[in-house]
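Have a look at final08.tsv below; it lists TSV, C-alpha atoms.
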```tsv
chain	number	residue	atom	x	y	z
A	15	MET	CA	-1.43	-15.53	9.37
A	16	ASP	CA	1.16	-13.57	11.35
A	17	ILE	CA	2.94	-12.46	8.19
A	18	ILE	CA	-0.17	-10.64	7.00
A	19	PHE	CA	-0.59	-8.52	10.14
A	20	GLN	CA	2.98	-8.34	11.50
A	21	THR	CA	4.43	-4.85	11.47
A	22	ASP	CA	6.51	-2.53	13.58
A	23	GLY	CA	5.48	0.80	15.06
A	24	SER	CA	7.09	2.95	12.39
A	25	TYR	CA	5.31	6.17	11.51
A	26	ALA	CA	7.05	6.17	8.11
A	27	TYR	CA	4.58	3.51	6.96
A	28	VAL	CA	1.68	5.71	8.10
A	29	ILE	CA	2.89	8.42	5.72
A	30	LEU	CA	3.13	5.91	2.86
A	31	ARG	CA	-0.33	4.57	3.69
A	32	ALA	CA	-1.79	8.08	3.73
A	33	GLY	CA	-0.24	8.90	0.36
A	34	LEU	CA	-1.60	5.73	-1.22
A	35	ALA	CA	-5.01	6.07	0.44
A	36	ILE	CA	-5.55	9.61	-0.83
A	37	THR	CA	-4.16	8.91	-4.28
A	38	PHE	CA	-6.03	5.68	-4.92
A	39	PHE	CA	-9.28	6.99	-3.44
A	40	PHE	CA	-9.40	9.92	-5.85
A	41	HIS	CA	-7.92	8.00	-8.77
A	42	GLY	CA	-10.32	5.12	-8.16
A	43	ALA	CA	-13.26	7.53	-7.81
A	44	ARG	CA	-12.45	8.90	-11.27
A	45	HIS	CA	-12.43	5.37	-12.64
A	46	VAL	CA	-15.47	4.00	-10.82
A	47	LEU	CA	-17.68	7.06	-10.32
A	48	GLY	CA	-16.50	9.43	-13.04
A	49	TRP	CA	-15.54	12.12	-10.51
A	50	HIS	CA	-13.23	14.98	-11.52
A	51	GLY	CA	-13.56	14.38	-15.25
A	52	GLY	CA	-13.04	10.62	-15.11
A	53	ARG	CA	-14.63	8.14	-17.50
A	54	GLY	CA	-16.62	6.30	-14.87
A	55	PHE	CA	-17.07	2.56	-14.55
A	56	GLU	CA	-18.34	1.76	-18.04
A	57	GLY	CA	-15.89	4.12	-19.73
A	58	MET	CA	-12.92	2.60	-17.93
A	59	VAL	CA	-13.98	-0.96	-18.71
A	60	LYS	CA	-14.33	-0.01	-22.38
A	61	ASN	CA	-10.95	1.76	-22.36
A	62	TRP	CA	-9.00	-0.96	-20.58
A	63	SER	CA	-10.59	-3.84	-22.46
A	64	GLY	CA	-10.71	-2.17	-25.88
A	65	LYS	CA	-7.47	-0.22	-25.95
A	66	HIS	CA	-5.31	-2.50	-23.81
A	67	GLY	CA	-6.93	-5.91	-24.33
A	68	ILE	CA	-7.59	-6.53	-20.63
A	69	PRO	CA	-10.44	-8.99	-19.94
A	70	VAL	CA	-13.56	-7.32	-18.51
A	71	TRP	CA	-13.45	-9.27	-15.24
A	72	ILE	CA	-9.87	-8.09	-14.64
A	73	CYS	CA	-10.95	-4.49	-15.38
A	74	ILE	CA	-13.66	-4.78	-12.74
A	75	PHE	CA	-11.28	-6.44	-10.28
A	76	GLY	CA	-8.75	-3.65	-10.88
A	77	MET	CA	-11.28	-1.00	-9.90
A	78	VAL	CA	-12.19	-2.99	-6.77
A	79	VAL	CA	-8.47	-3.15	-5.91
A	80	GLU	CA	-8.18	0.63	-6.24
A	81	ILE	CA	-11.09	1.41	-3.91
A	82	ALA	CA	-10.51	-1.45	-1.45
A	83	GLY	CA	-6.80	-0.61	-1.40
A	84	ALA	CA	-7.58	2.99	-0.47
A	85	LEU	CA	-9.79	1.80	2.40
A	86	ALA	CA	-7.20	-0.72	3.59
A	87	MET	CA	-4.52	1.97	3.64
A	88	THR	CA	-6.81	4.39	5.47
A	89	PHE	CA	-7.55	2.00	8.33
A	90	GLY	CA	-4.30	0.06	8.25
A	91	PHE	CA	-6.19	-3.21	7.86
A	92	LEU	CA	-4.97	-6.01	5.59
A	93	VAL	CA	-2.31	-3.64	4.29
A	94	ARG	CA	-0.01	-6.31	2.90
A	95	PRO	CA	-2.64	-8.00	0.70
A	96	ALA	CA	-3.92	-4.58	-0.40
A	97	ALA	CA	-0.39	-3.39	-1.15
A	98	LEU	CA	0.20	-6.50	-3.25
A	99	GLY	CA	-2.97	-5.78	-5.22
A	100	LEU	CA	-2.01	-2.13	-5.73
A	101	ALA	CA	1.53	-3.08	-6.78
A	102	ILE	CA	0.18	-5.52	-9.37
A	103	PHE	CA	-2.36	-2.93	-10.55
A	104	MET	CA	0.41	-0.37	-11.08
A	105	ALA	CA	2.71	-2.91	-12.76
A	106	VAL	CA	-0.06	-3.68	-15.26
A	107	ALA	CA	-0.68	0.05	-15.83
A	108	ILE	CA	3.02	0.58	-16.51
A	109	LYS	CA	3.22	-2.38	-18.89
A	110	LYS	CA	-0.03	-1.77	-20.76
A	111	ALA	CA	-0.21	2.03	-20.92
A	112	HIS	CA	2.87	3.92	-19.77
A	113	TRP	CA	6.06	2.01	-20.62
A	114	LYS	CA	5.97	2.86	-24.33
A	115	GLU	CA	5.57	6.56	-23.46
A	116	GLY	CA	8.94	6.69	-21.69
A	117	PHE	CA	9.82	7.62	-18.14
A	118	PHE	CA	8.64	11.18	-17.60
A	119	LEU	CA	5.14	12.05	-16.44
A	120	SER	CA	4.77	15.11	-18.63
A	121	ALA	CA	2.19	14.45	-21.30
A	122	GLY	CA	3.30	13.73	-24.83
A	123	PRO	CA	1.76	15.41	-27.87
A	124	ASP	CA	-1.16	12.95	-27.82
A	125	GLY	CA	-1.82	13.42	-24.07
A	126	SER	CA	-0.10	10.19	-23.04
A	127	ASN	CA	2.05	9.96	-19.93
A	128	GLY	CA	5.22	8.09	-19.08
A	129	MET	CA	5.64	5.70	-16.17
A	130	GLU	CA	7.23	8.05	-13.61
A	131	TYR	CA	4.14	8.49	-11.41
A	132	CYS	CA	2.99	4.88	-11.70
A	133	LEU	CA	6.44	3.68	-10.74
A	134	ALA	CA	6.38	5.84	-7.58
A	135	LEU	CA	3.01	4.35	-6.57
A	136	LEU	CA	4.27	0.84	-7.36
A	137	LEU	CA	7.34	1.31	-5.17
A	138	MET	CA	5.29	2.82	-2.31
A	139	SER	CA	3.06	-0.25	-2.46
A	140	VAL	CA	6.04	-2.61	-2.44
A	141	ALA	CA	7.48	-0.80	0.61
A	142	LEU	CA	4.22	-1.47	2.49
A	143	LEU	CA	4.10	-5.05	1.23
A	144	ILE	CA	7.51	-5.57	2.82
A	145	GLY	CA	7.12	-3.45	5.97
A	146	GLY	CA	3.46	-3.80	6.79
A	147	ALA	CA	1.03	-1.18	8.04
A	148	GLY	CA	3.19	0.45	10.72
A	149	ALA	CA	1.86	2.54	13.58
A	150	LEU	CA	-1.77	3.60	13.97
A	151	SER	CA	-3.09	0.51	12.22
A	152	ILE	CA	-5.55	-2.29	12.85
A	153	ASP	CA	-2.89	-4.71	11.58
A	154	GLY	CA	-0.55	-3.45	14.32
A	155	LEU	CA	-3.19	-4.04	16.98
A	156	LEU	CA	-3.88	-7.55	15.70
A	157	SER	CA	-0.20	-8.48	15.58
A	158	ARG	CA	0.40	-7.81	19.27
```

How would this structure read if it were set down as structure tokens?
Amino acid sequence: MDIIFQTDGSYAYVILRAGLAITFFFHGARHVLGWHGGRGFEGMVKNWSGKHGIPVWICIFGMVVEIAGALAMTFGFLVRPAALGLAIFMAVAIKKAHWKEGFFLSAGPDGSNGMEYCLALLLMSVALLIGGAGALSIDGLLSR
């Protein structure tokens, strides 16, 4: 159990957590709630399952990972498991949707995007998977 909560007091991880919390909250809200021009829950399930062949239960689990991951990063609680989920989520996004579009984020003629942004989020998640929650975290309090 120690490996889940163990972390040091680094504030660098707090910055990574904040970046992931904000990003995945708003990105997940587009997916789940349809905020800011997003498709919403049903639209995302249809897109991911129809266009990318992802089973419906994995689509639903992916949206849970986005929202739960944002909450975990915000409070610094169960950061390693959340970071693992977010890293897997981004790896699937890269493989299924962005790899074939190349590296750069700038939209192609059909509105598609490369993997640049997803790769940054994946690597931020992996950094937290390795380093833990850092300072100002519930995980840090529990590991003392």

Residue among A:Gly83, A:Phe118, A:Ile74, A:Ser24 lying closest to Leu98 of chain A, counting only C-alpha atoms: A:Gly83

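Nearest to Arg31 of chain A of all the residues A:Ile17, A:Val59, A:Leu142, A:Leu136 is A:Leu142, based on only C-alpha atoms.
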
Test item: residues at most 10 Å from Ile36 of chain A, all atoms listed in the file, excluding those fewer than 4 positions along its chain, as a ChimeraX atom specification: /A:31-32,40-42,84-85,87-88

Output C-alpha atoms of each residue in that selection to a file, as a PDB file, in the frame of the given file.
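The resulting file, again.pdb, is shown below:
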```
ATOM      1  CA  ARG A  31      -0.330   4.570   3.690  1.00  0.00           C
ATOM      2  CA  ALA A  32      -1.790   8.080   3.730  1.00  0.00           C
ATOM      3  CA  PHE A  40      -9.400   9.920  -5.850  1.00  0.00           C
ATOM      4  CA  HIS A  41      -7.920   8.000  -8.770  1.00  0.00           C
ATOM      5  CA  GLY A  42     -10.320   5.120  -8.160  1.00  0.00           C
ATOM      6  CA  ALA A  84      -7.580   2.990  -0.470  1.00  0.00           C
ATOM      7  CA  LEU A  85      -9.790   1.800   2.400  1.00  0.00           C
ATOM      8  CA  MET A  87      -4.520   1.970   3.640  1.00  0.00           C
ATOM      9  CA  THR A  88      -6.810   4.390   5.470  1.00  0.00           C
TER      10      THR A  88
END
```

Contacts of Asp22 of chain A within 12 Å, only C-alpha atoms, excl. fewer than 3 positions in-chain, as a ChimeraX atom specification: /A:17,19,25-28,142,144-151,153-158

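Relative to atom CA of Gly57 of chain A, atom CA of His45 of chain A is found at 8.0 Å.
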
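The spacing separating atom CA of Leu92 of chain A from atom CA of Lys110 of chain A amounts to 27.1 Å.
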
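Between Phe103 of chain A and the residues A:Met58, A:Met77, A:Leu119, A:Val70, the shortest atom-to-atom distance, using only C-alpha atoms, involves A:Met77.
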
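Take the candidates A:Leu34, A:Gly67, A:Trp62, A:Trp49 and check each one against Ala134 of chain A using all atoms listed in the file; the shortest distance goes to A:Leu34.
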
Answer as a ChimeraX atom specification, residues within 10 Å of (8.8, 6.1, -16.7) using all atoms listed in the file: /A:108,112-119,127-134

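Pairwise distance (atom CA of Val46 of chain A, atom CA of Glu80 of chain A) equals 9.2 Å.
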
Residue among A:Ala97, A:Pro69, A:Ala107, A:Phe39 lying closest to Met138 of chain A, counting all atoms listed in the file: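 Smallest separation from Met138 of chain A among the options: A:Ala97.
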
Minimum-distance residue to Ser126 of chain A, chosen among A:Ile152, A:Gly23, A:Phe89, A:Ala111 (using all atoms listed in the file):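 Closest residue, counting all atoms listed in the file: A:Ala111.
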